[in-house]
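Shown here: data-v9.txt, compact mmCIF, C-alpha atoms and all ligand atoms.
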# COMPACT_ATOMS: atom_id res chain seq x y z
CA MET A 1 0.00 0.00 0.00
CA SER A 2 1.30 3.49 -0.87
CA ALA A 3 2.08 5.89 1.95
CA ARG A 4 -0.90 7.60 3.57
CA TYR A 5 -0.32 10.84 5.42
CA GLY A 6 3.44 10.43 5.06
CA SER A 7 6.28 12.47 3.58
CA HIS A 8 6.40 13.72 0.02
CA PRO A 9 7.93 10.93 -2.11
CA THR A 10 10.57 13.10 -3.80
CA ILE A 11 10.79 16.53 -2.10
CA PRO A 12 11.87 17.18 1.54
CA ILE A 13 8.90 18.62 3.44
CA ASP A 14 10.81 21.74 4.56
CA GLU A 15 11.21 22.71 0.88
CA LEU A 16 7.44 22.68 0.27
CA GLU A 17 5.56 25.97 0.60
CA LEU A 18 2.36 25.02 2.40
CA ALA A 19 -1.07 26.62 2.05
CA PRO A 20 -1.88 28.25 5.43
CA LEU A 21 -5.50 27.12 5.53
CA SER A 22 -7.97 27.56 8.39
CA THR A 23 -9.19 24.50 10.23
CA ILE A 24 -12.90 24.27 10.97
CA ALA A 25 -14.14 21.75 13.54
CA PHE A 26 -17.13 19.85 12.20
CA HIS A 27 -18.50 19.00 15.65
CA LYS A 28 -18.74 22.74 16.42
CA LEU A 29 -20.60 23.44 13.17
CA ALA A 30 -22.95 20.50 13.85
CA SER A 31 -23.77 21.81 17.33
CA GLY A 32 -24.57 25.29 15.99
CA ASP A 33 -21.53 27.19 17.30
CA ALA A 34 -21.99 30.68 15.78
CA ALA A 35 -18.33 31.69 16.13
CA GLU A 36 -17.27 28.60 14.18
CA ALA A 37 -19.87 29.42 11.49
CA GLN A 38 -18.33 32.89 11.18
CA ARG A 39 -14.83 31.37 10.81
CA LEU A 40 -16.31 29.08 8.13
CA LEU A 41 -17.71 32.07 6.27
CA ASP A 42 -14.39 33.92 6.52
CA ALA A 43 -12.55 30.91 5.03
CA CYS A 44 -15.07 30.59 2.17
CA ALA A 45 -14.99 34.32 1.41
CA THR A 46 -11.18 34.49 1.27
CA GLU A 47 -9.43 31.23 0.29
CA GLY A 48 -12.52 29.21 -0.65
CA PHE A 49 -10.66 26.27 0.88
CA PHE A 50 -10.22 24.93 4.43
CA TYR A 51 -9.41 21.85 6.50
CA LEU A 52 -12.40 20.19 8.10
CA ASP A 53 -11.50 18.46 11.35
CA LEU A 54 -13.73 15.39 11.43
CA GLN A 55 -12.55 14.03 14.75
CA GLY A 56 -14.66 14.40 17.82
CA PRO A 57 -18.03 13.60 19.29
CA HIS A 58 -20.36 13.31 16.30
CA PRO A 59 -21.60 10.34 14.22
CA SER A 60 -19.93 11.58 10.99
CA SER A 61 -16.48 11.09 12.57
CA LYS A 62 -17.01 7.50 11.37
CA MET A 63 -15.81 8.80 7.98
CA VAL A 64 -12.26 8.89 9.27
CA ALA A 65 -12.22 5.09 9.56
CA ASP A 66 -14.51 4.60 6.57
CA HIS A 67 -12.27 6.50 4.17
CA GLU A 68 -9.40 4.15 5.07
CA ALA A 69 -11.63 1.17 4.26
CA LEU A 70 -12.67 2.85 1.02
CA LEU A 71 -9.02 3.38 0.04
CA ASP A 72 -8.51 -0.41 0.38
CA VAL A 73 -11.54 -1.07 -1.86
CA MET A 74 -10.15 1.43 -4.39
CA LYS A 75 -6.75 -0.22 -4.48
CA THR A 76 -8.30 -3.61 -5.24
CA TYR A 77 -10.57 -2.08 -7.90
CA PHE A 78 -7.90 -0.10 -9.73
CA ASP A 79 -5.43 -3.03 -9.61
CA GLN A 80 -7.71 -4.92 -12.01
CA PRO A 81 -6.80 -5.22 -15.70
CA HIS A 82 -7.82 -2.19 -17.80
CA GLU A 83 -10.32 -4.26 -19.86
CA VAL A 84 -12.18 -5.27 -16.70
CA LYS A 85 -12.48 -1.64 -15.54
CA MET A 86 -13.60 -0.60 -19.04
CA GLU A 87 -16.69 -2.78 -18.54
CA ASP A 88 -17.78 -0.05 -16.09
CA ASN A 89 -17.11 2.70 -18.67
CA ILE A 90 -20.70 3.72 -19.41
CA GLU A 91 -22.10 6.79 -21.20
CA SER A 92 -22.28 9.01 -18.13
CA VAL A 93 -20.37 11.88 -16.56
CA THR A 94 -21.52 11.09 -13.00
CA ASP A 95 -21.29 7.29 -12.91
CA GLY A 96 -18.93 4.48 -13.90
CA PHE A 97 -15.26 4.22 -14.86
CA LYS A 98 -13.24 7.00 -16.52
CA PRO A 99 -9.85 5.97 -18.01
CA ILE A 100 -6.83 8.31 -17.87
CA GLY A 101 -6.34 10.93 -20.59
CA GLN A 102 -9.91 12.25 -21.04
CA PHE A 103 -9.09 15.68 -19.60
CA ALA A 104 -6.21 18.13 -20.05
CA GLY A 105 -3.16 17.38 -17.88
CA VAL A 106 -1.27 19.83 -15.70
CA ASN A 107 1.72 20.13 -18.04
CA ARG A 108 1.11 22.00 -21.30
CA ASN A 109 -0.07 19.67 -24.09
CA SER A 110 -0.30 16.67 -21.75
CA ARG A 111 -3.46 14.77 -20.87
CA ASP A 112 -4.62 13.95 -17.34
CA CYS A 113 -3.00 11.16 -15.37
CA TYR A 114 -5.89 9.75 -13.35
CA GLU A 115 -8.63 7.17 -13.65
CA THR A 116 -11.84 7.32 -11.65
CA LEU A 117 -14.73 5.22 -10.46
CA ARG A 118 -17.85 7.35 -9.92
CA VAL A 119 -21.22 6.77 -8.33
CA SER A 120 -23.94 9.41 -8.19
CA TYR A 121 -25.85 10.28 -5.02
CA ASN A 122 -29.13 9.32 -6.70
CA HIS A 123 -27.88 5.85 -7.68
CA VAL A 124 -26.66 5.08 -4.17
CA VAL A 125 -29.88 6.28 -2.53
CA GLN A 126 -32.03 4.34 -5.00
CA LYS A 127 -29.74 1.28 -4.72
CA SER A 128 -29.70 1.28 -8.52
CA PRO A 129 -28.99 -2.12 -10.11
CA ASP A 130 -26.89 -0.26 -12.72
CA MET A 131 -24.08 0.51 -10.23
CA PRO A 132 -20.68 -1.13 -10.91
CA THR A 133 -20.19 -4.50 -9.18
CA THR A 134 -17.52 -3.13 -6.82
CA ILE A 135 -19.96 -0.46 -5.58
CA GLN A 136 -22.76 -3.02 -5.15
CA LYS A 137 -20.48 -5.45 -3.30
CA ASN A 138 -19.48 -2.68 -0.87
CA LEU A 139 -22.85 -0.99 -0.66
CA PRO A 140 -23.07 -0.54 3.15
CA LEU A 141 -19.69 1.27 3.15
CA MET A 142 -20.60 3.31 0.05
CA ALA A 143 -24.06 4.23 1.36
CA ASP A 144 -22.65 5.34 4.74
CA PHE A 145 -19.92 7.34 3.06
CA VAL A 146 -22.34 9.10 0.73
CA SER A 147 -24.89 9.84 3.45
CA ASN A 148 -22.21 11.23 5.78
CA SER A 149 -20.76 13.32 2.93
CA GLN A 150 -24.24 14.62 2.17
CA PHE A 151 -24.91 15.44 5.83
CA ILE A 152 -21.57 17.23 6.26
CA THR A 153 -21.86 19.32 3.11
CA GLN A 154 -25.52 20.19 3.85
CA THR A 155 -24.55 21.24 7.38
CA ILE A 156 -21.87 23.53 5.93
CA LEU A 157 -24.41 25.06 3.53
CA THR A 158 -26.82 25.69 6.40
CA ARG A 159 -24.15 27.35 8.55
CA LEU A 160 -23.03 29.52 5.63
CA SER A 161 -26.66 30.58 5.07
CA ASP A 162 -26.91 31.44 8.81
CA ALA A 163 -23.67 33.42 8.80
CA LEU A 164 -24.75 35.32 5.68
CA LYS A 165 -28.24 35.86 7.21
CA LEU A 166 -29.92 34.43 4.11
CA ARG A 167 -33.66 33.84 4.13
CA GLY A 168 -36.16 31.66 2.25
CA ALA A 169 -35.20 30.52 -1.26
CA ALA A 170 -31.83 32.33 -0.99
CA ARG A 171 -30.70 29.93 1.77
CA PHE A 172 -28.23 27.55 0.12
CA GLU A 173 -29.80 24.37 1.52
CA ASN A 174 -33.03 25.29 -0.31
CA SER A 175 -31.31 24.93 -3.70
CA HIS A 176 -29.72 21.60 -2.67
CA ARG A 177 -32.70 19.53 -1.51
CA ASP A 178 -31.78 15.83 -1.20
CA GLU A 179 -34.74 14.49 -3.12
CA LYS A 180 -34.36 16.72 -6.19
CA PRO A 181 -32.38 15.67 -9.30
CA SER A 182 -28.76 16.84 -9.26
CA THR A 183 -25.35 15.78 -10.57
CA THR A 184 -24.00 15.22 -7.02
CA THR A 185 -21.53 12.34 -7.16
CA LEU A 186 -18.81 10.45 -5.28
CA VAL A 187 -15.59 10.12 -7.29
CA LEU A 188 -12.76 7.72 -6.40
CA LEU A 189 -9.52 8.82 -8.05
CA HIS A 190 -6.34 6.86 -8.81
CA TYR A 191 -3.23 8.48 -10.29
CA PRO A 192 -1.20 5.43 -11.38
CA LYS A 193 2.57 5.46 -10.94
CA ASN A 194 3.78 6.33 -14.41
CA SER A 195 6.72 7.73 -16.33
CA ASP A 196 4.98 8.83 -19.53
CA ALA A 197 5.28 12.63 -19.80
CA ASP A 198 2.24 12.75 -22.12
CA TYR A 199 0.08 12.16 -19.01
CA SER A 200 0.47 14.49 -16.04
CA GLY A 201 -1.64 15.25 -12.99
CA HIS A 202 -4.90 17.20 -13.09
CA ASN A 203 -4.94 20.60 -14.80
CA LYS A 204 -5.73 23.82 -12.89
CA HIS A 205 -9.46 24.31 -12.45
CA THR A 206 -12.20 25.34 -10.10
CA ASP A 207 -14.82 22.73 -9.28
CA ILE A 208 -18.16 22.84 -11.08
CA GLY A 209 -20.46 22.33 -8.13
CA SER A 210 -21.09 23.84 -4.69
CA LEU A 211 -18.81 22.13 -2.17
CA THR A 212 -16.16 19.44 -2.63
CA LEU A 213 -15.37 17.23 0.35
CA LEU A 214 -11.96 15.73 -0.41
CA PHE A 215 -9.84 13.10 1.29
CA THR A 216 -6.29 13.48 0.06
CA PRO A 217 -3.94 11.29 2.11
CA GLN A 218 -0.99 11.78 -0.26
CA TRP A 219 0.84 14.82 -1.61
CA GLY A 220 0.06 16.32 -5.02
CA LEU A 221 -2.74 18.84 -4.46
CA GLN A 222 -1.87 22.54 -4.83
CA LEU A 223 -3.93 25.72 -4.73
CA TRP A 224 -3.38 29.29 -5.83
CA SER A 225 -4.07 31.42 -2.82
CA PRO A 226 -5.92 34.73 -3.33
CA ILE A 227 -4.40 36.14 -0.14
CA LYS A 228 -0.76 35.84 -1.25
CA SER A 229 0.80 38.88 -2.86
CA GLU A 230 2.66 36.95 -5.56
CA LYS A 231 1.43 34.21 -7.85
CA SER A 232 2.28 30.97 -6.19
CA TRP A 233 0.97 27.47 -6.11
CA LEU A 234 0.97 26.27 -2.52
CA TRP A 235 0.90 22.66 -1.39
CA VAL A 236 -2.03 21.28 0.56
CA GLU A 237 -0.54 19.16 3.32
CA PRO A 238 -2.35 15.83 3.85
CA ARG A 239 -3.61 15.76 7.47
CA PRO A 240 -4.94 12.63 9.21
CA GLY A 241 -8.41 13.03 10.73
CA HIS A 242 -9.18 15.91 8.36
CA ALA A 243 -10.84 16.33 4.99
CA VAL A 244 -10.34 19.43 2.86
CA ILE A 245 -13.32 21.36 1.57
CA ASN A 246 -13.40 23.77 -1.30
CA VAL A 247 -16.06 26.08 -2.63
CA GLY A 248 -16.98 25.41 -6.27
CA ASP A 249 -18.34 27.72 -8.96
CA SER A 250 -22.02 26.98 -8.37
CA LEU A 251 -21.93 28.09 -4.72
CA ARG A 252 -19.86 31.12 -5.65
CA PHE A 253 -22.48 32.08 -8.24
CA LEU A 254 -25.39 31.34 -5.86
CA SER A 255 -23.75 33.59 -3.26
CA GLY A 256 -23.73 36.52 -5.69
CA LYS A 257 -19.93 35.97 -5.90
CA ARG A 258 -19.38 36.73 -2.22
CA LEU A 259 -17.71 33.34 -1.78
CA MET A 260 -14.53 32.37 -3.63
CA SER A 261 -14.20 29.18 -5.64
CA CYS A 262 -10.65 28.00 -5.22
CA LEU A 263 -8.27 27.46 -8.13
CA HIS A 264 -6.40 24.18 -7.65
CA ARG A 265 -4.55 21.43 -9.50
CA VAL A 266 -2.76 18.14 -8.90
CA VAL A 267 0.92 17.98 -9.84
CA PRO A 268 2.88 14.78 -10.36
CA THR A 269 5.02 13.86 -7.37
CA SER A 270 7.86 13.39 -9.79
CA GLY A 271 11.42 12.33 -9.37
CA ALA A 272 13.77 13.07 -12.28
CA GLY A 273 12.18 11.97 -15.54
CA THR A 274 9.20 10.44 -13.75
CA CYS A 275 5.68 11.71 -14.13
CA GLN A 276 3.95 10.14 -11.13
CA ALA A 277 6.43 8.83 -8.56
CA GLU A 278 3.92 6.69 -6.66
CA ASP A 279 0.36 5.49 -7.03
CA ARG A 280 -1.87 8.21 -5.57
CA TYR A 281 -5.44 7.80 -4.33
CA SER A 282 -7.97 10.46 -3.40
CA ILE A 283 -11.71 10.53 -2.68
CA ALA A 284 -13.95 13.45 -3.68
CA TYR A 285 -17.62 14.04 -2.91
CA PHE A 286 -18.99 16.73 -5.24
CA LEU A 287 -22.13 18.35 -3.81
CA ARG A 288 -23.91 20.14 -6.64
CA PRO A 289 -27.14 22.20 -6.72
CA GLU A 290 -30.49 20.94 -7.93
CA SER A 291 -30.17 20.69 -11.70
CA SER A 292 -32.92 23.25 -12.43
CA VAL A 293 -31.46 26.02 -10.23
CA ASP A 294 -30.39 29.13 -12.18
CA PHE A 295 -27.51 31.47 -11.42
CA GLU A 296 -25.37 34.08 -13.10
CA ASP A 297 -22.05 32.68 -14.32
CA ALA A 298 -18.59 34.31 -14.37
CA ASP A 299 -19.48 36.30 -17.49
CA GLY A 300 -22.84 37.48 -16.08
CA LYS A 301 -24.92 35.08 -18.19
CA SER A 302 -27.89 33.29 -16.63
CA VAL A 303 -27.41 29.51 -16.70
CA SER A 304 -28.92 26.47 -15.00
CA ALA A 305 -26.77 24.36 -12.66
CA LYS A 306 -27.15 21.41 -15.07
CA LYS A 307 -26.06 23.43 -18.11
CA TRP A 308 -23.04 24.83 -16.22
CA HIS A 309 -22.14 21.28 -15.18
CA ASP A 310 -22.45 19.79 -18.67
CA GLU A 311 -20.63 22.59 -20.46
CA LYS A 312 -17.81 22.83 -17.93
CA TYR A 313 -17.35 19.07 -17.99
CA VAL A 314 -16.72 19.31 -21.75
CA MET A 315 -14.30 22.20 -21.09
CA TYR A 316 -12.21 19.91 -18.82
CA THR A 317 -11.74 17.60 -21.84
CA GLU A 318 -10.53 20.35 -24.22
CA LYS A 319 -6.90 20.99 -25.18
CA HIS A 320 -5.06 23.75 -23.31
CA GLU A 321 -5.37 26.27 -26.19
CA GLU A 322 -9.17 25.90 -26.18
CA GLN A 323 -9.31 26.14 -22.37
CA ASP A 324 -7.32 29.40 -22.53
CA LYS A 325 -10.01 31.04 -24.67
CA SER A 326 -12.73 31.06 -22.01
CA SER A 327 -13.20 31.89 -18.34
CA MET A 328 -15.06 28.63 -17.77
CA LEU A 329 -12.23 26.32 -16.65
CA THR A 330 -11.34 28.59 -13.73
CA GLY A 331 -14.89 29.90 -13.14
CA GLY A 332 -13.59 33.44 -13.74
CA MET A 333 -11.28 33.10 -10.71
CA GLU A 334 -7.98 33.21 -12.60
CA GLN A 335 -8.78 36.71 -13.89
CA ILE A 336 -9.66 37.81 -10.35
CA LEU A 337 -6.40 36.35 -9.02
CA VAL A 338 -4.36 38.06 -11.75
CA ASN A 339 -6.05 41.40 -10.95
CA LEU A 340 -5.23 40.94 -7.26
CA LEU A 341 -1.55 40.58 -8.19
CA VAL A 342 -1.43 43.83 -10.17
CA ALA A 343 -3.52 45.78 -7.62
O1 LIG B 401 -7.08 14.32 -6.48
C1 LIG B 401 -7.19 15.36 -5.82
O2 LIG B 401 -6.56 15.52 -4.76
C2 LIG B 401 -8.05 16.51 -6.30
C3 LIG B 401 -8.99 16.16 -7.42
C4 LIG B 401 -9.76 17.35 -7.93
O3 LIG B 401 -9.42 18.49 -7.75
C5 LIG B 401 -11.00 17.11 -8.69
O4 LIG B 401 -11.26 15.95 -9.07
O5 LIG B 401 -11.75 18.08 -8.94
FE FE B 402 -11.05 19.84 -8.20

In structure tokens, how does this file's structure come out?
Amino acid sequence: MSARYGSHPTIPIDELELAPLSTIAFHKLASGDAAEAQRLLDACATEGFFYLDLQGPHPSSKMVADHEALLDVMKTYFDQPHEVKMEDNIESVTDGFKPIGQFAGVNRNSRDCYETLRVSYNHVVQKSPDMPTTIQKNLPLMADFVSNSQFITQTILTRLSDALKLRGAARFENSHRDEKPSTTTLVLLHYPKNSDADYSGHNKHTDIGSLTLLFTPQWGLQLWSPIKSEKSWLWVEPRPGHAVINVGDSLRFLSGKRLMSCLHRVVPTSGAGTCQAEDRYSIAYFLRPESSVDFEDADGKSVSAKKWHDEKYVMYTEKHEEQDKSSMLTGGMEQILVNLLVA
């Protein structure tokens, strides 16, 4: 098994510039602590990214053990021959297997270096018979993981609505009702150890949806901090007992752009001449709004959450030159970050 929560495989830790992110305690948010909700709002309105401490006296702390069990399931799944995984490669952007290379990679002209197994919230809740065998065989673990992810992200939405004093339909939880159709999905990611420079990491982007709950036990994730005076990609240190959360475009747009969606990427943990120095695994729960919700996008155009999702998903697959032509990949954030540097 690859290292979890260990040192960087090729760079000494004291040479890594770390992102100085806030840590929010989930048990305080769950119990309605108003000061913690204010700290949450501050983190979402500045960095759009924070550590979520999941330890402590609340039922969702079970995710700390569950994500370790899920990492074992992932390892077994992704170790299978490519042809076997391709049997789960269905016509869907929220479910099934995605092979490497479908999206742009982090290095110019490269393609992405990760494969995924995805299962949508709706499929898990409905116990859909169409789910991949590995998901069905591990359904109690999957169902618990998804329902805890849903509870945590919904709690965060509610506390953000409280801190922003939102009312009625403007409250974020009212555009994310569990029973309504959405593209909310759990994505299991594997970046295989590889030395082919044509495939590298995960290109810079902001996330499509509202909140991403991410378990990243190994190095590779970087963000561009809006509160640094020079352009710099900072490393997100993997921390046991914690998930990281980032705000995505949809929540930024729903907030009238008061919240920041965070620009991030995954770089290969390369040694000399190597693209990906070790197998890397991460787990992302993408909470997205109800599909029919409308908001104003980065360019001021009115768009439904589903349309933003579908169009941005295609944008992830484009070559770098095409991605450069629009504000979509970075949800308009890159322009804001560049302006902050010249200000
Ligand atoms: O693998 C990771 O750590 C991050 C993945 C990510 O940013 C994404 O899938 O949107
Ligand atoms: Fe992302």

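Neighbours of Val146 of chain A closer than or equal to 9 Å, with only C-alpha atoms counted and sequence neighbours fewer than 2 positions away skipped, come out as Tyr121, Val124, Val125, Leu141, Met142, Ala143, Asp144, Asn148, Ser149, Gln150, Phe151, Thr185, Leu186 and Tyr285 of chain A.
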
Exercise for the section: For ligand LIG 401 (chain B), list the contacting residues at 7 Å or closer, counting all atoms listed in the file, as a PyMOL selection string. Expected result: chain A and resi 189+207+214+216+220-221+264-266+282+284

Problem - Computed interatomic separation between atom CA of His58 of chain A and atom CA of Ala30 of chain A (Å) - result: 8.0 Å

Exercise for the section: Determine, counting all atoms listed in the file, which protein, DNA and RNA residues have an atom within 6 Å of an atom of segment 208-210 of chain A; residues of the same chain fewer than 3 positions away are not included. Present the result as a PyMOL selection string. Expected result: chain A and resi 247-251+287-288+309

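Counting all atoms listed in the file and comparing A:Ser92, A:Ser60, A:Gln55, A:Asn174, the residue that lies closest to Gly241 of chain A is A:Gln55.
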
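Picture a line from atom CA of Lys319 of chain A to atom CA of Lys257 of chain A; it runs 27.7 Å.
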
Practice task
Report the distance between atom CA of Leu254 of chain A and atom CA of Ser292 of chain A in Å, rounded to one decimal place.
Solution key: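 Distance reported for this atom pair: 12.9 Å.
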
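Residue nearest Pro240 of chain A, chosen from A:Gly331, A:Leu21, A:Val64, A:Gly105 and counting only C-alpha atoms: A:Val64.
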
Handout entry: Polymer residues at most 12 Å from Asp72 of chain A, all atoms listed in the file, same-chain spacing of 3 or more positions, as a ChimeraX atom specification
Key = /A:1-2,4,65-69,75-79,134,138,141,188,190,281-283

Problem - Nearest to Thr158 of chain A by atom-to-atom distance, counting all atoms listed in the file, from A:Glu173, A:Asp310, A:Glu47, A:Glu15 - result: A:Glu173

Handout entry: Pick from A:Gly101, A:Gly332, A:Pro20, A:Pro268, whichever lies nearest to Glu237 of chain A using all atoms listed in the file
Key = A:Pro20

Problem - Among listed residues A:Ala19, A:Val119, A:Val244, A:Leu166, nearest ligand FE 402 (chain B) (using all atoms listed in the file) - result: A:Val244

How big is the axis-aligned box, and where does its centre sit, when it encloses all atoms of segment 32-45 of chain A listed in the file and has 5 Å added on every side, reported in Å to one decimal as lines of an AutoDock Vina configuration file?
center_x = -18.6
center_y = 29.8
center_z = 9.4
size_x = 22.0
size_y = 19.0
size_z = 25.9

Problem - Selected residue of minimal separation from ligand FE 402 (chain B) among A:Leu139, A:Ile152, A:Leu211, A:Leu71, counting all atoms listed in the file - result: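 Nearest candidate to ligand FE 402 (chain B) out of A:Leu139, A:Ile152, A:Leu211, A:Leu71: A:Leu211.
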